[in-house]
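Participant: Dumping the structure here so I can ask a few things about it.
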Amino acid sequence: MDAELDPGEGAAVVAAGRRSAGEPWRRVAGLVLFAYALVWGVALSLDTFSSSTFASSQKAMSNLVVRVLLAAVAVAAVHHLLDGVRRLLPPTSSVRRRADAVYAFGLWALGAPVVVLALWPAVRWWFA
Amino acid sequence: MTATLTPDSGADGIDGVDGTAGGVGVATDEPSGADPDVRPWSWHLSRASAVALVALLPLHLWSFHLDPNARPLTVQAFTDRWGTPWRLLDWATIVLALIHGAIALQPAEAPADGSADGPSPSTVARLAGTSALVAAAVVIGVLTYAVAAHPLP
């Protein structure tokens, strides 16, 4: 069996398998962002209908639980954007291989600071 | 969720799983046997919204939630914000995200000629797709009204 698989084909199969392995996270990130868009769309609309409700909803934005949820949204956005951009490239090209590397690096290089920034208001409020 | 997990084989950059633009997608816009150069309008809309969101979403998240120097979003601050082009950008970001997500959540339809060998969408997938579509339409309607009716500073 192995003798029938040339090296180039083998690498393509491995790359395809790696992409399929990340598939569930793409869906989870997409669902998180869709839910965020629904909630935030309503939250922004509140000011037109009831300013007091809008003000109280925005006060809750410093809450630690809300900030953790926002951090999850931000990480989902980083993942979904990087993943989406690399999928626009032809899967067998060298540019795509570089984009895969940028995706793996960017997930941590952007994800970690984004989590800190998202949690920062709650941390500041705690230690104020 | 009825996506068939088939690895990419083509060199067109289109994901072999669902053919959508990086969404949570279960929709297969590319039935087997169809001309791969001909895509449905939903595929183009999904791609166009994805490209716009690559710029709009980071801007949105930064300005609302991540900028450490941003002032708290009080009623006055929000009214000031929506007295500027931010009003249009906020509306466009939410609307495009909802359109993009609602398209990606639509279940894959088997072609009428029976050329696809995958399973037809389950009732749960159809229900999820319809619910996403309805929720997105309602929020887009409410937000559009809010953007139009919001008083200027």
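Going by the structure tokens order, chains are called A, B, ..., each with residues numbered from 1, while ligands are numbered from 1 in the order shown.
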Using only C-alpha atoms, which residues sit within 7 Å of region 40-52 of chain A once same-chain residues fewer than 4 positions away are excluded, as JSON, numbers by chain?

Facilitator: {"A": [36, 56], "B": [75, 94, 139, 142, 143, 146, 149, 150]}

Participant: What does the file look like for those residues with N, CA, C and O atoms, as an mmCIF file, in the first residue's frame?

Facilitator:
data_model
loop_
_atom_site.group_PDB
_atom_site.id
_atom_site.type_symbol
_atom_site.label_atom_id
_atom_site.label_comp_id
_atom_site.auth_asym_id
_atom_site.auth_seq_id
_atom_site.Cartn_x
_atom_site.Cartn_y
_atom_site.Cartn_z
ATOM 1 N N TYR A 36 -22.584 36.083 19.023
ATOM 2 C CA TYR A 36 -22.166 37.431 19.436
ATOM 3 C C TYR A 36 -22.866 38.492 18.582
ATOM 4 O O TYR A 36 -23.347 39.509 19.111
ATOM 5 N N SER A 56 -27.770 50.253 31.705
ATOM 6 C CA SER A 56 -27.527 49.166 32.673
ATOM 7 C C SER A 56 -26.849 47.970 31.997
ATOM 8 O O SER A 56 -26.028 47.296 32.613
ATOM 9 N N VAL B 75 -24.623 56.243 27.596
ATOM 10 C CA VAL B 75 -25.613 56.658 26.597
ATOM 11 C C VAL B 75 -25.068 57.838 25.784
ATOM 12 O O VAL B 75 -25.181 57.870 24.544
ATOM 13 N N ILE B 94 -22.336 44.177 11.932
ATOM 14 C CA ILE B 94 -23.307 43.233 12.502
ATOM 15 C C ILE B 94 -24.122 42.567 11.383
ATOM 16 O O ILE B 94 -24.312 41.345 11.381
ATOM 17 N N VAL B 139 -32.968 40.375 13.910
ATOM 18 C CA VAL B 139 -31.972 41.290 14.478
ATOM 19 C C VAL B 139 -31.554 42.346 13.446
ATOM 20 O O VAL B 139 -31.386 43.519 13.777
ATOM 21 N N VAL B 142 -34.382 44.911 13.384
ATOM 22 C CA VAL B 142 -34.395 45.752 14.589
ATOM 23 C C VAL B 142 -33.219 46.734 14.567
ATOM 24 O O VAL B 142 -33.367 47.926 14.852
ATOM 25 N N LEU B 143 -32.034 46.226 14.223
ATOM 26 C CA LEU B 143 -30.835 47.077 14.222
ATOM 27 C C LEU B 143 -30.938 48.157 13.142
ATOM 28 O O LEU B 143 -30.553 49.314 13.374
ATOM 29 N N ALA B 146 -33.136 50.750 14.431
ATOM 30 C CA ALA B 146 -32.455 51.505 15.494
ATOM 31 C C ALA B 146 -31.449 52.491 14.906
ATOM 32 O O ALA B 146 -31.345 53.629 15.362
ATOM 33 N N ALA B 149 -33.427 55.332 13.296
ATOM 34 C CA ALA B 149 -34.226 56.171 14.205
ATOM 35 C C ALA B 149 -33.407 56.787 15.332
ATOM 36 O O ALA B 149 -33.924 57.629 16.067
ATOM 37 N N HIS B 150 -32.147 56.362 15.480
ATOM 38 C CA HIS B 150 -31.352 56.864 16.603
ATOM 39 C C HIS B 150 -31.133 58.362 16.466
ATOM 40 O O HIS B 150 -30.754 58.837 15.391
#

Participant: Can you pull out every residue within 9 Å of Leu98 (chain B), counting only C-alpha atoms, but drop anything in the same chain fewer than 2 positions away, and send it as a PyMOL selection string?

Facilitator: (chain A and resi 33-35+37-38) or (chain B and resi 93-96+100-103+132-133+135-137+139-140)

Participant: Name all residues at most 9 Å from His80 (chain A) (count only C-alpha atoms; drop same-chain ones fewer than 4 positions away) and give them as a ChimeraX atom specification.

Facilitator: /A:25-27,29-30,33,75-76,84-85 /B:22-23

Participant: Go ahead and write the residues just picked, C-alpha atoms, as a CSV table (one decimal), in the first residue's frame.

Facilitator:
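Saved result, again36.csv, follows:
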chain,number,residue,atom,x,y,z
A,25,TRP,CA,-13.0,24.5,15.8
A,26,ARG,CA,-13.9,26.5,12.7
A,27,ARG,CA,-17.5,25.7,13.2
A,29,ALA,CA,-15.7,29.8,16.3
A,30,GLY,CA,-18.3,30.6,13.6
A,33,LEU,CA,-19.3,34.8,16.4
A,75,VAL,CA,-10.3,34.4,20.3
A,76,ALA,CA,-13.0,33.0,18.1
A,84,GLY,CA,-10.7,31.9,6.7
A,85,VAL,CA,-7.9,33.9,5.0
B,22,GLY,CA,-14.9,29.8,6.6
B,23,GLY,CA,-18.3,29.8,8.3

Participant: Could you build a table of the residues in region 74-128 of chain A lying no more than 12 Å from region 45-64 of chain B, giving for each the nearest pair of atoms and their separation in Å rounded to one decimal place, using only C-alpha atoms, ordered by chain and ascending residue number, as CSV?

Facilitator:
residue,atom,partner,partner_atom,distance
A:Ala74,CA,B:Leu61,CA,7.2
A:Val75,CA,B:Leu61,CA,10.8
A:Ala76,CA,B:Leu57,CA,11.3
A:Ala77,CA,B:Leu57,CA,7.6
A:Val78,CA,B:Pro58,CA,8.4
A:His79,CA,B:Val54,CA,11.6
A:His80,CA,B:Val54,CA,9.5
A:Leu81,CA,B:Val54,CA,6.2
A:Leu82,CA,B:Val54,CA,8.9
A:Asp83,CA,B:Val54,CA,10.9
A:Gly84,CA,B:Ala50,CA,7.9
A:Val85,CA,B:Val54,CA,8.1
A:Arg86,CA,B:Val54,CA,11.8
A:Arg87,CA,B:Arg47,CA,11.2
A:Leu88,CA,B:Arg47,CA,9.2
A:Leu110,CA,B:Pro58,CA,11.3
A:Pro113,CA,B:Trp62,CA,12.0
A:Val114,CA,B:Trp62,CA,9.3
A:Val115,CA,B:Leu61,CA,11.9
A:Leu117,CA,B:Trp62,CA,9.3
A:Ala118,CA,B:Trp62,CA,9.3

Participant: Could you check how far CA of Ala128 (chain B) sits from CA of Pro24 (chain A), in Å to one decimal?

Facilitator: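 Interatomic distance, CA of Ala128 (chain B) to CA of Pro24 (chain A): 16.8 Å.
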
Participant: Find the distance between CA of Ala92 (chain B) and CA of Ala125 (chain B) and write it in Å to one decimal.

Facilitator: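 Result for CA of Ala92 (chain B) versus CA of Ala125 (chain B): 27.4 Å, one decimal.
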
Participant: Can you pull out every residue within 8 Å of Leu64 (chain A), counting only C-alpha atoms, but drop anything in the same chain fewer than 5 positions away, and send it as a JSON list (two decimals) with C-alpha atoms, in the first residue's frame?

Facilitator:
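Produced file out18.json, reproduced below:
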[["chain", "number", "residue", "atom", "x", "y", "z"],
["A", 119, "LEU", "CA", -10.07, 40.69, 30.46],
["A", 122, "ALA", "CA", -12.50, 43.36, 34.82],
["A", 123, "VAL", "CA", -9.00, 43.00, 36.28]]

Participant: Could you please determine the separation between CA of Trp126 (chain A) and CA of Pro72 (chain B) in Å, to one decimal place?

Facilitator: 16.1 Å
